[in-house]
$ cat target.pdb   # PDB, C-alpha atoms, pLDDT in the B column
ATOM      1  CA  MET A   1     117.708  75.389  92.982  1.00 94.00           C
ATOM      2  CA  ILE A   2     116.834  78.171  90.583  1.00 96.00           C
ATOM      3  CA  LYS A   3     119.368  80.967  90.960  1.00 97.00           C
ATOM      4  CA  VAL A   4     118.445  84.525  89.970  1.00 98.00           C
ATOM      5  CA  LEU A   5     120.797  87.528  90.065  1.00 98.00           C
ATOM      6  CA  PHE A   6     119.543  91.074  89.488  1.00 98.00           C
ATOM      7  CA  ILE A   7     122.059  93.582  88.105  1.00 97.00           C
ATOM      8  CA  CYS A   8     122.214  97.371  87.992  1.00 97.00           C
ATOM      9  CA  LEU A   9     124.969  99.938  88.039  1.00 94.00           C
ATOM     10  CA  GLY A  10     125.692 100.419  91.749  1.00 95.00           C
ATOM     11  CA  ASN A  11     123.498  97.814  93.502  1.00 97.00           C
ATOM     12  CA  ILE A  12     121.777 100.307  95.800  1.00 96.00           C
ATOM     13  CA  CYS A  13     118.542 101.251  93.972  1.00 97.00           C
ATOM     14  CA  ARG A  14     117.096  99.061  91.225  1.00 97.00           C
ATOM     15  CA  SER A  15     118.704  95.646  91.657  1.00 98.00           C
ATOM     16  CA  PRO A  16     118.212  95.454  95.442  1.00 98.00           C
ATOM     17  CA  MET A  17     114.616  96.568  94.906  1.00 98.00           C
ATOM     18  CA  ALA A  18     114.150  93.804  92.322  1.00 98.00           C
ATOM     19  CA  GLU A  19     115.837  91.274  94.624  1.00 98.00           C
ATOM     20  CA  ALA A  20     113.495  92.185  97.488  1.00 98.00           C
ATOM     21  CA  VAL A  21     110.361  92.241  95.308  1.00 98.00           C
ATOM     22  CA  PHE A  22     111.205  88.935  93.608  1.00 98.00           C
ATOM     23  CA  ARG A  23     112.015  87.326  96.972  1.00 98.00           C
ATOM     24  CA  HIS A  24     108.642  88.605  98.270  1.00 98.00           C
ATOM     25  CA  ILE A  25     106.791  87.098  95.278  1.00 97.00           C
ATOM     26  CA  VAL A  26     108.580  83.762  95.628  1.00 97.00           C
ATOM     27  CA  LYS A  27     107.765  83.662  99.349  1.00 96.00           C
ATOM     28  CA  GLU A  28     104.089  84.500  98.708  1.00 95.00           C
ATOM     29  CA  LYS A  29     103.941  81.638  96.183  1.00 95.00           C
ATOM     30  CA  GLY A  30     105.438  79.238  98.742  1.00 94.00           C
ATOM     31  CA  VAL A  31     108.458  78.234  96.669  1.00 95.00           C
ATOM     32  CA  GLU A  32     111.245  80.159  98.424  1.00 94.00           C
ATOM     33  CA  ASP A  33     113.046  76.874  99.174  1.00 94.00           C
ATOM     34  CA  GLN A  34     113.537  76.402  95.408  1.00 95.00           C
ATOM     35  CA  PHE A  35     115.323  79.721  94.809  1.00 97.00           C
ATOM     36  CA  VAL A  36     118.552  81.558  95.462  1.00 97.00           C
ATOM     37  CA  ILE A  37     117.991  85.274  94.835  1.00 98.00           C
ATOM     38  CA  ASP A  38     120.686  87.939  94.911  1.00 98.00           C
ATOM     39  CA  SER A  39     121.663  91.257  93.376  1.00 98.00           C
ATOM     40  CA  ALA A  40     124.913  92.939  92.400  1.00 97.00           C
ATOM     41  CA  GLY A  41     126.250  96.054  90.767  1.00 96.00           C
ATOM     42  CA  LEU A  42     128.601  96.462  87.872  1.00 95.00           C
ATOM     43  CA  GLY A  43     130.456  99.261  89.662  1.00 93.00           C
ATOM     44  CA  ASP A  44     132.266  99.173  92.983  1.00 92.00           C
ATOM     45  CA  TRP A  45     131.226 102.538  94.461  1.00 90.00           C
ATOM     46  CA  HIS A  46     128.739 101.248  97.017  1.00 91.00           C
ATOM     47  CA  ILE A  47     130.165  97.867  98.104  1.00 94.00           C
ATOM     48  CA  GLY A  48     128.945  96.995 101.607  1.00 94.00           C
ATOM     49  CA  ASN A  49     126.281  99.703 101.721  1.00 96.00           C
ATOM     50  CA  PRO A  50     122.595  99.001 102.382  1.00 96.00           C
ATOM     51  CA  PRO A  51     120.039  99.837  99.684  1.00 97.00           C
ATOM     52  CA  HIS A  52     119.484 103.538  98.932  1.00 97.00           C
ATOM     53  CA  GLN A  53     117.191 105.332 101.358  1.00 97.00           C
ATOM     54  CA  GLY A  54     114.609 105.846  98.587  1.00 97.00           C
ATOM     55  CA  THR A  55     114.543 102.106  97.860  1.00 97.00           C
ATOM     56  CA  ARG A  56     114.271 101.305 101.560  1.00 97.00           C
ATOM     57  CA  ALA A  57     111.447 103.822 102.036  1.00 98.00           C
ATOM     58  CA  LYS A  58     109.442 102.362  99.136  1.00 98.00           C
ATOM     59  CA  LEU A  59     109.954  98.777 100.317  1.00 98.00           C
ATOM     60  CA  ASP A  60     109.096  99.766 103.917  1.00 98.00           C
ATOM     61  CA  GLU A  61     105.889 101.416 102.681  1.00 97.00           C
ATOM     62  CA  LEU A  62     104.892  98.101 101.074  1.00 97.00           C
ATOM     63  CA  ASN A  63     106.158  95.896 103.919  1.00 97.00           C
ATOM     64  CA  ILE A  64     108.668  94.161 101.636  1.00 97.00           C
ATOM     65  CA  SER A  65     111.799  93.003 103.446  1.00 96.00           C
ATOM     66  CA  TYR A  66     115.300  93.933 102.294  1.00 96.00           C
ATOM     67  CA  HIS A  67     116.833  92.621 105.526  1.00 94.00           C
ATOM     68  CA  GLY A  68     120.544  91.887 105.257  1.00 94.00           C
ATOM     69  CA  GLN A  69     121.006  93.304 101.767  1.00 96.00           C
ATOM     70  CA  LYS A  70     124.375  94.933 101.163  1.00 97.00           C
ATOM     71  CA  ALA A  71     125.751  96.155  97.855  1.00 97.00           C
ATOM     72  CA  ARG A  72     128.293  93.954  96.136  1.00 97.00           C
ATOM     73  CA  GLN A  73     130.024  94.031  92.785  1.00 97.00           C
ATOM     74  CA  MET A  74     129.322  91.343  90.217  1.00 95.00           C
ATOM     75  CA  GLN A  75     132.114  88.785  89.916  1.00 93.00           C
ATOM     76  CA  ALA A  76     133.089  86.612  86.944  1.00 88.00           C
ATOM     77  CA  ASN A  77     132.036  83.437  88.816  1.00 90.00           C
ATOM     78  CA  ASP A  78     128.447  84.760  89.014  1.00 92.00           C
ATOM     79  CA  ILE A  79     128.093  83.654  85.374  1.00 88.00           C
ATOM     80  CA  GLU A  80     128.591  80.019  86.423  1.00 88.00           C
ATOM     81  CA  ASP A  81     126.736  80.346  89.737  1.00 92.00           C
ATOM     82  CA  PHE A  82     123.423  81.763  88.467  1.00 94.00           C
ATOM     83  CA  ASP A  83     120.782  80.496  86.016  1.00 94.00           C
ATOM     84  CA  TYR A  84     119.303  83.941  85.329  1.00 96.00           C
ATOM     85  CA  ILE A  85     121.110  87.267  85.285  1.00 96.00           C
ATOM     86  CA  ILE A  86     118.561  90.053  84.998  1.00 97.00           C
ATOM     87  CA  ALA A  87     119.764  93.528  84.049  1.00 97.00           C
ATOM     88  CA  MET A  88     117.837  96.713  84.678  1.00 98.00           C
ATOM     89  CA  ASP A  89     118.745  98.517  81.437  1.00 97.00           C
ATOM     90  CA  GLN A  90     120.542  98.300  78.097  1.00 97.00           C
ATOM     91  CA  GLN A  91     123.702  99.898  79.474  1.00 96.00           C
ATOM     92  CA  ASN A  92     123.877  97.081  82.060  1.00 95.00           C
ATOM     93  CA  MET A  93     123.439  94.552  79.226  1.00 94.00           C
ATOM     94  CA  ASP A  94     126.238  96.191  77.253  1.00 93.00           C
ATOM     95  CA  ASP A  95     128.491  96.182  80.326  1.00 91.00           C
ATOM     96  CA  LEU A  96     127.683  92.511  81.037  1.00 90.00           C
ATOM     97  CA  SER A  97     129.255  91.554  77.698  1.00 85.00           C
ATOM     98  CA  GLN A  98     132.684  91.776  79.397  1.00 82.00           C
ATOM     99  CA  PHE A  99     131.821  88.558  81.275  1.00 79.00           C
ATOM    100  CA  SER A 100     131.656  86.309  78.164  1.00 70.00           C
ATOM    101  CA  TYR A 101     128.439  84.609  79.234  1.00 65.00           C
ATOM    102  CA  GLN A 102     127.274  83.513  75.764  1.00 63.00           C
ATOM    103  CA  ALA A 103     128.608  79.961  76.035  1.00 58.00           C
ATOM    104  CA  SER A 104     127.770  79.471  79.725  1.00 70.00           C
ATOM    105  CA  GLY A 105     124.101  78.516  79.460  1.00 81.00           C
ATOM    106  CA  VAL A 106     122.995  81.351  81.747  1.00 88.00           C
ATOM    107  CA  THR A 107     119.972  83.380  80.644  1.00 91.00           C
ATOM    108  CA  VAL A 108     120.939  87.066  80.509  1.00 93.00           C
ATOM    109  CA  LYS A 109     118.094  89.478  79.773  1.00 96.00           C
ATOM    110  CA  LYS A 110     116.703  92.830  80.796  1.00 97.00           C
ATOM    111  CA  LEU A 111     113.880  92.728  83.342  1.00 98.00           C
ATOM    112  CA  MET A 112     111.536  94.513  80.940  1.00 98.00           C
ATOM    113  CA  ASP A 113     112.158  91.781  78.314  1.00 97.00           C
ATOM    114  CA  PHE A 114     109.765  89.597  80.322  1.00 97.00           C
ATOM    115  CA  VAL A 115     106.898  92.119  80.135  1.00 97.00           C
ATOM    116  CA  ASP A 116     104.420  92.094  77.249  1.00 93.00           C
ATOM    117  CA  GLN A 117     104.100  95.624  75.891  1.00 93.00           C
ATOM    118  CA  PRO A 118     106.247  97.264  78.585  1.00 93.00           C
ATOM    119  CA  LYS A 119     105.868 100.976  79.331  1.00 93.00           C
ATOM    120  CA  GLU A 120     109.662 101.216  79.173  1.00 94.00           C
ATOM    121  CA  GLN A 121     112.392  99.074  77.655  1.00 96.00           C
ATOM    122  CA  ASN A 122     114.687  99.938  80.569  1.00 97.00           C
ATOM    123  CA  VAL A 123     114.058 100.509  84.274  1.00 98.00           C
ATOM    124  CA  PRO A 124     115.079 104.148  84.853  1.00 97.00           C
ATOM    125  CA  ASP A 125     117.602 104.657  87.642  1.00 96.00           C
ATOM    126  CA  PRO A 126     115.899 106.451  90.556  1.00 96.00           C
ATOM    127  CA  TYR A 127     119.339 107.485  91.838  1.00 93.00           C
ATOM    128  CA  PHE A 128     119.112 110.076  89.072  1.00 94.00           C
ATOM    129  CA  THR A 129     115.333 110.383  88.454  1.00 95.00           C
ATOM    130  CA  LYS A 130     114.395 110.384  92.182  1.00 96.00           C
ATOM    131  CA  ASN A 131     111.169 108.591  91.159  1.00 97.00           C
ATOM    132  CA  PHE A 132     111.270 105.456  93.310  1.00 97.00           C
ATOM    133  CA  ASP A 133     107.506 104.941  92.906  1.00 97.00           C
ATOM    134  CA  TYR A 134     107.777 104.591  89.126  1.00 98.00           C
ATOM    135  CA  THR A 135     110.839 102.374  89.432  1.00 97.00           C
ATOM    136  CA  TYR A 136     108.926 100.143  91.836  1.00 98.00           C
ATOM    137  CA  GLU A 137     105.949  99.983  89.456  1.00 97.00           C
ATOM    138  CA  LEU A 138     108.205  98.734  86.642  1.00 98.00           C
ATOM    139  CA  VAL A 139     110.200  96.390  88.893  1.00 98.00           C
ATOM    140  CA  LYS A 140     107.022  94.837  90.327  1.00 98.00           C
ATOM    141  CA  GLU A 141     105.548  94.179  86.885  1.00 97.00           C
ATOM    142  CA  GLY A 142     108.865  92.828  85.615  1.00 98.00           C
ATOM    143  CA  CYS A 143     109.360  90.561  88.622  1.00 98.00           C
ATOM    144  CA  GLU A 144     105.818  89.189  88.375  1.00 97.00           C
ATOM    145  CA  GLN A 145     106.334  88.358  84.701  1.00 97.00           C
ATOM    146  CA  LEU A 146     109.815  86.947  85.349  1.00 98.00           C
ATOM    147  CA  PHE A 147     108.351  84.700  88.040  1.00 97.00           C
ATOM    148  CA  ALA A 148     105.608  83.534  85.653  1.00 96.00           C
ATOM    149  CA  TYR A 149     108.244  82.770  83.014  1.00 97.00           C
ATOM    150  CA  ILE A 150     110.481  80.840  85.419  1.00 96.00           C
ATOM    151  CA  SER A 151     107.612  78.954  87.067  1.00 95.00           C
ATOM    152  CA  ASN A 152     106.327  77.885  83.652  1.00 93.00           C
ATOM    153  CA  LYS A 153     109.784  76.931  82.361  1.00 92.00           C
ATOM    154  CA  HIS A 154     110.643  74.930  85.499  1.00 91.00           C
ATOM    155  CA  ASN A 155     107.137  73.527  86.116  1.00 88.00           C
ATOM    156  CA  LEU A 156     106.997  74.880  89.660  1.00 84.00           C
ATOM    157  CA  ASP A 157     104.285  73.598  91.962  1.00 79.00           C
ATOM    158  CA  ILE A 158     102.864  76.866  93.290  1.00 78.00           C
ATOM    159  CA  ASN A 159     100.686  77.144  96.390  1.00 64.00           C
TER
END

$ encode --input "target.pdb" --output "structure tokens"
Amino acid sequence: MIKVLFICLGNICRSPMAEAVFRHIVKEKGVEDQFVIDSAGLGDWHIGNPPHQGTRAKLDELNISYHGQKARQMQANDIEDFDYIIAMDQQNMDDLSQFSYQASGVTVKKLMDFVDQPKEQNVPDPYFTKNFDYTYELVKEGCEQLFAYISNKHNLDIN
């Protein structure tokens, strides 16, 4: 199993959007049985809440399921449990340093690190920008490139 965890600040906007989009891509490619996909926040403000209404509205518009998603806070054991921890911005990366992941073998990168010539280095937080369309555009491109990277690295047999 290839285990991917998306991280943002509160786990209600960007990381649940990325989780849903990546899960959608993996399902379309017919390899969902080879993945565990999750998301978490670095803060604890929204634990147990569904994704933000703006995230839900954008995903609904595109018929991308977020069924069952509830915000959770990242835990120290996530470092051992996941192969890829994908942060939405540099502040998330800086905050992830508290988990001492360097020696664990987990790949920890920003989502935009997987995009050639990205429009942005960080995925802006629509909680503050209110621009869920632009966030989705960046998340979709990042998730597509992340999937290409993982499928190449793990020699996935794609339908």

$ closest_residue --input "target.pdb" --among "A:Gln145, A:Ser151, A:Ser97, A:Ser104" --to "A:Glu80" --atoms "all atoms listed in the file"
A:Ser104

$ resolve_selection --input "target.pdb" --expression "the PyMOL selection byres ((chain A and resi 114) around 12)" --output "VMD selection string"
chain A and resid 86 to 88 107 to 113 115 to 118 120 to 122 138 to 150

$ residues_around --input "target.pdb" --residues "stretch 6-15 of chain A" --least-positions-apart "6" --cutoff "9 Å" --atoms "only C-alpha atoms" --output "VMD selection string"
chain A and resid 37 to 47 49 to 56 70 to 74 84 to 89 91 to 92 111 123 to 127 132 135 to 136 139

$ closest_residue --input "target.pdb" --among "A:Ile2, A:Val36, A:Val106, A:Met93" --to "A:Glu19" --atoms "all atoms listed in the file"
A:Val36

$ atom_distance --input "target.pdb" --atom1 "atom CA of A:Leu59" --atom2 "atom CA of A:Lys153"
28.3 Å

$ atom_distance --input "target.pdb" --atom1 "atom CA of A:Glu61" --atom2 "atom CA of A:Phe128"
20.9 Å

$ residues_around --input "target.pdb" --residues "A:Ser65" --least-positions-apart "5" --cutoff "8 Å" --atoms "all atoms listed in the file" --output "list in words"
Ala20, His24, Leu59 and Asp60 of chain A

$ atom_distance --input "target.pdb" --atom1 "atom CA of A:Ala57" --atom2 "atom CA of A:Glu28"
20.9 Å

$ axis_aligned_box --input "target.pdb" --around "stretch 89-102 of chain A" --padding-each-side "4 Å" --output "lines of an AutoDock Vina configuration file"
center_x = 125.7
center_y = 91.7
center_z = 78.9
size_x = 21.9
size_y = 24.4
size_z = 14.3

$ closest_residue --input "target.pdb" --among "A:Glu137, A:Asp78, A:Asp83, A:Asp157" --to "A:Val31" --atoms "only C-alpha atoms"
A:Asp157

$ build_atoms --input "target.pdb" --residues "stretch 123-134 of chain A" --atoms "all heavy atoms" --output "compact mmCIF listing (two decimals), in the frame of the given file"
# COMPACT_ATOMS: atom_id res chain seq x y z
N VAL A 123 114.52 99.98 82.99
CA VAL A 123 114.06 100.51 84.27
C VAL A 123 114.91 101.74 84.58
O VAL A 123 116.12 101.61 84.79
CB VAL A 123 114.20 99.46 85.40
CG1 VAL A 123 113.77 100.06 86.74
CG2 VAL A 123 113.40 98.20 85.08
N PRO A 124 114.31 102.93 84.58
CA PRO A 124 115.08 104.15 84.85
C PRO A 124 115.70 104.11 86.26
O PRO A 124 115.09 103.60 87.20
CB PRO A 124 114.05 105.28 84.74
CG PRO A 124 112.87 104.69 84.04
CD PRO A 124 112.89 103.22 84.33
N ASP A 125 116.88 104.68 86.38
CA ASP A 125 117.60 104.66 87.64
C ASP A 125 117.10 105.78 88.56
O ASP A 125 117.32 106.96 88.28
CB ASP A 125 119.10 104.84 87.37
CG ASP A 125 119.95 104.56 88.59
OD1 ASP A 125 119.42 104.55 89.72
OD2 ASP A 125 121.17 104.37 88.41
N PRO A 126 116.43 105.42 89.67
CA PRO A 126 115.90 106.45 90.56
C PRO A 126 116.99 107.21 91.31
O PRO A 126 116.70 108.24 91.92
CB PRO A 126 114.99 105.67 91.51
CG PRO A 126 115.62 104.32 91.57
CD PRO A 126 116.15 104.08 90.18
N TYR A 127 118.22 106.73 91.26
CA TYR A 127 119.34 107.48 91.84
C TYR A 127 119.41 108.85 91.16
O TYR A 127 119.73 109.85 91.78
CB TYR A 127 120.64 106.71 91.65
CG TYR A 127 121.83 107.32 92.35
CD1 TYR A 127 122.08 107.05 93.68
CD2 TYR A 127 122.72 108.15 91.67
CE1 TYR A 127 123.17 107.59 94.33
CE2 TYR A 127 123.82 108.71 92.30
CZ TYR A 127 124.04 108.43 93.64
OH TYR A 127 125.12 108.97 94.29
N PHE A 128 119.08 108.84 89.86
CA PHE A 128 119.11 110.08 89.07
C PHE A 128 117.72 110.70 88.91
O PHE A 128 117.57 111.91 88.99
CB PHE A 128 119.74 109.81 87.70
CG PHE A 128 121.14 109.30 87.81
CD1 PHE A 128 121.42 107.97 87.54
CD2 PHE A 128 122.18 110.12 88.20
CE1 PHE A 128 122.71 107.47 87.66
CE2 PHE A 128 123.48 109.64 88.32
CZ PHE A 128 123.74 108.31 88.06
N THR A 129 116.69 109.85 88.70
CA THR A 129 115.33 110.38 88.45
C THR A 129 114.63 110.78 89.74
O THR A 129 113.70 111.57 89.71
CB THR A 129 114.45 109.35 87.74
OG1 THR A 129 114.17 108.26 88.63
CG2 THR A 129 115.08 108.84 86.45
N LYS A 130 115.02 110.19 90.86
CA LYS A 130 114.40 110.38 92.18
C LYS A 130 112.97 109.82 92.25
O LYS A 130 112.28 110.01 93.24
CB LYS A 130 114.37 111.86 92.60
CG LYS A 130 115.70 112.58 92.51
CD LYS A 130 116.73 111.99 93.44
CE LYS A 130 118.02 112.79 93.39
NZ LYS A 130 119.20 111.97 93.40
N ASN A 131 112.54 109.10 91.21
CA ASN A 131 111.17 108.59 91.16
C ASN A 131 111.16 107.11 91.53
O ASN A 131 111.07 106.23 90.66
CB ASN A 131 110.56 108.83 89.77
CG ASN A 131 109.07 108.59 89.76
OD1 ASN A 131 108.51 107.95 90.65
ND2 ASN A 131 108.40 109.11 88.75
N PHE A 132 111.24 106.83 92.82
CA PHE A 132 111.27 105.46 93.31
C PHE A 132 109.92 104.76 93.13
O PHE A 132 109.87 103.55 92.99
CB PHE A 132 111.74 105.41 94.77
CG PHE A 132 113.20 105.71 94.91
CD1 PHE A 132 113.66 107.02 95.01
CD2 PHE A 132 114.14 104.68 94.90
CE1 PHE A 132 115.02 107.29 95.11
CE2 PHE A 132 115.49 104.94 95.01
CZ PHE A 132 115.93 106.26 95.11
N ASP A 133 108.83 105.53 93.12
CA ASP A 133 107.51 104.94 92.91
C ASP A 133 107.41 104.33 91.51
O ASP A 133 106.94 103.21 91.35
CB ASP A 133 106.40 105.99 93.08
CG ASP A 133 106.26 106.46 94.52
OD1 ASP A 133 106.64 105.71 95.44
OD2 ASP A 133 105.77 107.59 94.72
N TYR A 134 107.85 105.08 90.50
CA TYR A 134 107.78 104.59 89.13
C TYR A 134 108.73 103.41 88.93
O TYR A 134 108.38 102.42 88.29
CB TYR A 134 108.09 105.71 88.14
CG TYR A 134 107.90 105.32 86.70
CD1 TYR A 134 106.67 104.84 86.24
CD2 TYR A 134 108.95 105.42 85.79
CE1 TYR A 134 106.49 104.48 84.91
CE2 TYR A 134 108.77 105.06 84.46
CZ TYR A 134 107.55 104.59 84.03
OH TYR A 134 107.37 104.23 82.72
